[in-house]
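Have a look at query_4.cif below; it lists mmCIF, C-alpha atoms.
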```
data_my_file
loop_
_atom_site.label_atom_id
_atom_site.label_comp_id
_atom_site.auth_asym_id
_atom_site.auth_seq_id
_atom_site.Cartn_x
_atom_site.Cartn_y
_atom_site.Cartn_z
CA MET A 243 0.00 0.00 0.00
CA ASP A 244 1.20 3.41 -0.93
CA PRO A 245 2.14 5.63 2.10
CA LEU A 246 0.15 8.48 0.56
CA TRP A 247 -3.07 6.48 0.96
CA LEU A 248 -2.17 5.76 4.55
CA TYR A 249 -1.74 9.47 5.24
CA ILE A 250 -5.05 10.23 3.53
CA ILE A 251 -6.87 7.60 5.59
CA VAL A 252 -5.32 8.89 8.82
CA ALA A 253 -6.25 12.47 7.88
CA VAL A 254 -9.85 11.51 7.07
CA VAL A 255 -10.18 9.57 10.33
CA ALA A 256 -8.72 12.52 12.27
CA ILE A 257 -11.10 14.96 10.58
CA LEU A 258 -14.08 12.69 11.33
CA LEU A 259 -12.93 12.33 14.93
CA VAL A 260 -12.59 16.09 15.39
CA ALA A 261 -15.98 16.67 13.72
CA GLY A 262 -17.55 14.11 16.04
CA ILE A 263 -16.04 15.77 19.08
CA VAL A 264 -17.27 19.19 17.94
CA VAL A 265 -20.80 17.91 17.28
CA ALA A 266 -20.91 16.10 20.64
CA SER A 267 -19.62 19.20 22.42
CA VAL A 268 -22.26 21.44 20.84
CA MET A 269 -25.01 18.97 21.74
CA LEU A 270 -23.80 18.73 25.34
CA TRP A 271 -23.54 22.52 25.61
CA ARG A 272 -27.09 22.99 24.34
CA ARG A 273 -28.29 20.37 26.79
CA GLN A 274 -26.53 22.17 29.64
CA VAL A 275 -28.03 25.53 28.65
CA ARG A 276 -31.47 23.92 28.51
CA ARG A 277 -31.01 22.39 31.96
CA SER A 278 -29.81 25.73 33.31
CA ILE A 279 -32.83 27.61 31.98
CA ILE A 280 -35.13 24.97 33.44
CA ALA A 281 -33.39 25.38 36.81
CA LEU A 282 -33.85 29.13 36.48
CA VAL A 283 -37.55 28.59 35.79
CA GLY A 284 -37.76 26.62 39.04
CA ARG A 285 -36.23 29.56 40.88
CA ARG A 286 -38.64 31.94 39.16
CA GLU A 287 -41.51 29.79 40.36
CA ALA A 288 -40.17 30.04 43.92
CA VAL A 289 -40.02 33.85 43.67
CA MET A 290 -43.51 33.98 42.18
CA ALA A 291 -44.80 31.71 44.96
CA ALA A 292 -43.33 34.12 47.51
CA TYR A 293 -45.06 37.01 45.76
CA ARG A 294 -48.35 35.12 45.87
CA GLY A 295 -47.67 34.42 49.56
CA LEU A 296 -47.28 38.13 50.19
CA GLU A 297 -50.55 38.76 48.37
CA SER A 298 -52.16 36.09 50.54
CA VAL A 299 -50.96 37.81 53.71
CA PHE A 300 -52.35 41.12 52.49
CA THR A 301 -55.66 39.49 51.57
CA SER A 302 -55.86 37.86 54.98
CA LEU A 303 -55.11 41.12 56.76
CA ALA A 304 -57.55 43.06 54.59
CA ALA A 305 -60.31 40.69 55.69
CA ALA A 306 -59.22 40.80 59.34
CA ASP A 307 -61.21 42.55 62.01
CA ALA A 308 -59.74 45.01 64.52
CA ASP A 309 -58.83 42.30 67.03
CA GLU A 310 -56.97 40.28 64.41
CA LEU A 311 -55.08 43.36 63.24
CA ALA A 312 -54.19 44.16 66.84
CA ALA A 313 -52.93 40.59 67.29
CA PHE A 314 -50.86 40.95 64.11
CA ALA A 315 -49.36 44.21 65.35
CA THR A 316 -48.54 43.00 68.87
CA ASP A 317 -47.77 39.30 68.46
CA ALA A 318 -44.57 38.48 66.59
CA THR A 319 -45.68 34.85 66.43
CA SER A 320 -48.92 35.54 64.57
CA VAL A 321 -49.44 33.48 61.43
CA GLN A 322 -49.13 36.45 59.09
CA ARG A 323 -45.99 37.80 60.77
CA ARG A 324 -44.35 34.37 60.66
CA ALA A 325 -45.35 34.08 57.00
CA LEU A 326 -43.71 37.43 56.22
CA GLU A 327 -40.55 36.41 58.09
CA GLU A 328 -40.42 33.12 56.20
CA LEU A 329 -40.86 34.90 52.88
CA HIS A 330 -38.16 37.38 53.86
CA ALA A 331 -35.70 34.62 54.75
CA ARG A 332 -36.41 32.58 51.62
CA MET A 333 -36.09 35.52 49.27
CA ARG A 334 -32.89 36.72 50.90
CA ILE A 335 -31.41 33.25 50.36
CA GLN A 336 -32.80 33.08 46.83
CA SER A 337 -31.29 36.47 46.01
CA GLU A 338 -27.87 35.44 47.32
CA GLU A 339 -27.96 32.11 45.51
CA LEU A 340 -28.89 33.71 42.21
CA VAL A 341 -25.82 35.94 42.45
CA GLU A 342 -23.55 32.92 42.91
CA LEU A 343 -25.36 30.51 40.58
CA ALA A 344 -23.10 29.08 37.88
CA LEU A 345 -24.90 29.62 34.59
CA PRO A 346 -24.00 29.95 30.92
CA LYS A 347 -23.29 33.56 30.00
CA ARG A 348 -26.51 33.76 27.97
CA LEU A 349 -28.53 33.38 31.17
CA TRP A 350 -26.62 35.85 33.36
CA ASN A 351 -28.98 38.74 32.69
CA ALA A 352 -32.06 36.62 33.47
CA ALA A 353 -30.48 35.42 36.73
CA ASP A 354 -29.45 38.97 37.66
CA LEU A 355 -32.95 40.30 37.05
CA LEU A 356 -34.52 37.45 39.00
CA GLY A 357 -32.02 37.96 41.83
CA THR A 358 -32.90 41.64 41.92
CA ALA A 359 -36.61 40.79 42.10
CA ALA A 360 -35.97 38.31 44.92
CA GLY A 361 -33.92 40.96 46.71
CA VAL A 362 -36.68 43.55 46.42
CA LEU A 363 -39.17 40.99 47.69
CA ALA A 364 -36.85 40.19 50.61
CA VAL A 365 -36.50 43.85 51.54
CA GLU A 366 -40.21 44.52 51.33
CA THR A 367 -41.25 41.42 53.28
CA GLY A 368 -38.63 42.17 55.92
CA ARG A 369 -40.03 45.60 56.78
CA VAL A 370 -42.56 44.27 59.30
CA GLY A 371 -40.00 42.13 61.11
CA GLU A 372 -37.67 45.12 61.51
CA ALA A 373 -40.40 47.37 62.91
CA ILE A 374 -40.53 48.27 66.58
CA GLY A 375 -43.81 48.43 68.45
CA PRO A 376 -47.36 47.80 67.25
CA GLU A 377 -47.66 51.16 65.50
CA GLY A 378 -44.33 50.58 63.78
CA VAL A 379 -45.50 47.16 62.60
CA LEU A 380 -48.66 48.60 61.07
CA ASP A 381 -46.71 51.49 59.54
CA ALA A 382 -44.16 49.05 58.08
CA LEU A 383 -46.97 46.95 56.65
CA GLY A 384 -48.37 50.05 54.96
CA GLU A 385 -44.92 50.89 53.55
CA VAL A 386 -44.52 47.54 51.77
CA ASP A 387 -44.11 48.58 48.15
CA VAL A 388 -45.95 45.94 46.15
CA ALA A 389 -45.59 48.06 43.00
CA ALA A 390 -41.79 47.94 43.33
CA ILE A 391 -41.92 44.16 43.64
CA SER A 392 -44.12 43.90 40.56
CA ALA A 393 -41.83 46.28 38.69
CA ALA A 394 -38.82 44.11 39.55
CA LEU A 395 -40.59 40.88 38.61
CA LEU A 396 -41.73 42.08 35.19
CA PRO A 397 -38.32 42.34 33.46
CA ALA A 398 -37.15 39.11 35.10
CA ASN A 399 -40.19 37.23 33.81
CA GLU A 400 -39.83 38.79 30.37
CA GLU A 401 -36.14 37.87 30.11
CA ILE A 402 -36.76 34.30 31.22
CA ASP A 403 -39.60 34.02 28.71
CA VAL A 404 -37.25 35.24 25.97
CA GLN A 405 -34.69 32.62 26.98
CA LEU A 406 -37.37 29.91 27.01
CA ALA A 407 -38.54 30.92 23.54
CA ALA A 408 -34.95 30.96 22.25
CA ARG A 409 -34.52 27.37 23.42
CA ASP A 410 -37.96 26.30 22.19
CA ILE A 411 -39.22 25.33 25.63
CA GLY A 412 -42.95 25.64 25.17
CA ASP A 413 -44.52 25.15 28.58
CA PRO A 414 -42.31 26.31 31.45
CA ALA A 415 -44.99 25.46 34.01
CA VAL A 416 -44.19 21.81 33.39
CA TYR A 417 -40.72 22.41 34.80
CA GLY A 418 -41.72 24.68 37.69
CA GLY A 419 -39.98 23.96 40.97
CA GLY A 420 -37.80 21.28 39.40
CA LEU A 421 -40.74 18.90 39.00
CA TYR A 422 -41.26 17.18 35.68
CA ILE A 423 -44.96 16.53 35.36
#
```
Any chance you could put this one into structure tokens?
Amino acid sequence: MDPLWLYIIVAVVAILLVAGIVVASVMLWRRQVRRSIIALVGRREAVMAAYRGLESVFTSLAAADADELAAFATDATSVQRRALEELHARMRIQSEELVELALPKRLWNAADLLGTAAGVLAVETGRVGEAIGPEGVLDALGEVDVAAISAALLPANEEIDVQLAARDIGDPAVYGGGLYI
């Protein structure tokens, strides 16, 4: 056999091997990006659940009578106050984790926006726990800026939706909270 043919065969095999490695790498990268966006959707669902929890506390307090409002203002262990503290703690953790979350560069902006929204939610839900005295508690409750939370959530949701559309993930609710239904 002519050595030229041997070199040609080796070159073709090398080219096919490199092409296979490149194709496999691209497929694995796309899979990782898809998994990362799905994980980000789970975190978005956690932030949205906290927002709905805050709405639930407000709804409960709006329907409360004077005695229930007085109990909320004076008793740090009331159900609504504990709920706000829990939301505050969860969103503070969520905000910190989103800052440190290892993600592909394409998802950094979405994670930053979601982390900002979680941070705003943490600040707003923490107001009541930081208040001193019953009047301070009621004042802090009145100062909770739900509009600021909504304003922070909007761009985060929009950016995540753009990322989902770019990766052709049709129904993000299926992946909410890390559950595959």
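Comparing A:Glu328, A:Glu297, A:Glu287, A:Asp309 by their smallest distance to A:Val388, the closest is A:Glu297 (using all atoms listed in the file).
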Residues matched by the PyMOL selection byres ((chain A and resi 314) around 12) as a VMD selection string: chain A and resid 299 to 300 302 to 304 306 to 313 315 to 326 370 to 371 375 to 380 383
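Applied to the file shown here, the PyMOL selection byres ((chain A and resi 400) around 12) selects A:Val283, A:Arg286, A:Asn351, A:Ala352, A:Ala353, A:Leu355, A:Leu356, A:Ala393, A:Ala394, A:Leu395, A:Leu396, A:Pro397, A:Ala398, A:Asn399, A:Glu401, A:Ile402, A:Asp403, A:Val404, A:Gln405, A:Leu406, A:Ala407.
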Take the residues that were just selected and, keeping C-alpha atoms, output them as a PDB file, keeping the file's coordinate frame.
```pdb
ATOM      1  CA  VAL A 283     -37.550  28.590  35.790  1.00  0.00           C
ATOM      2  CA  ARG A 286     -38.640  31.940  39.160  1.00  0.00           C
ATOM      3  CA  ASN A 351     -28.980  38.740  32.690  1.00  0.00           C
ATOM      4  CA  ALA A 352     -32.060  36.620  33.470  1.00  0.00           C
ATOM      5  CA  ALA A 353     -30.480  35.420  36.730  1.00  0.00           C
ATOM      6  CA  LEU A 355     -32.950  40.300  37.050  1.00  0.00           C
ATOM      7  CA  LEU A 356     -34.520  37.450  39.000  1.00  0.00           C
ATOM      8  CA  ALA A 393     -41.830  46.280  38.690  1.00  0.00           C
ATOM      9  CA  ALA A 394     -38.820  44.110  39.550  1.00  0.00           C
ATOM     10  CA  LEU A 395     -40.590  40.880  38.610  1.00  0.00           C
ATOM     11  CA  LEU A 396     -41.730  42.080  35.190  1.00  0.00           C
ATOM     12  CA  PRO A 397     -38.320  42.340  33.460  1.00  0.00           C
ATOM     13  CA  ALA A 398     -37.150  39.110  35.100  1.00  0.00           C
ATOM     14  CA  ASN A 399     -40.190  37.230  33.810  1.00  0.00           C
ATOM     15  CA  GLU A 401     -36.140  37.870  30.110  1.00  0.00           C
ATOM     16  CA  ILE A 402     -36.760  34.300  31.220  1.00  0.00           C
ATOM     17  CA  ASP A 403     -39.600  34.020  28.710  1.00  0.00           C
ATOM     18  CA  VAL A 404     -37.250  35.240  25.970  1.00  0.00           C
ATOM     19  CA  GLN A 405     -34.690  32.620  26.980  1.00  0.00           C
ATOM     20  CA  LEU A 406     -37.370  29.910  27.010  1.00  0.00           C
ATOM     21  CA  ALA A 407     -38.540  30.920  23.540  1.00  0.00           C
TER      22      ALA A 407
END
```
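The shortest atom-to-atom distance to A:Ala331, with all atoms listed in the file taken into account, belongs to A:Thr367 out of A:Ser267, A:Gln274, A:Thr367, A:Ser392.
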The PyMOL selection byres ((chain A and resi 275-278) around 9) resolved against shown file, as number ranges by chain: A: 270-274, 279-283, 344-346, 348-349, 406, 409, 411
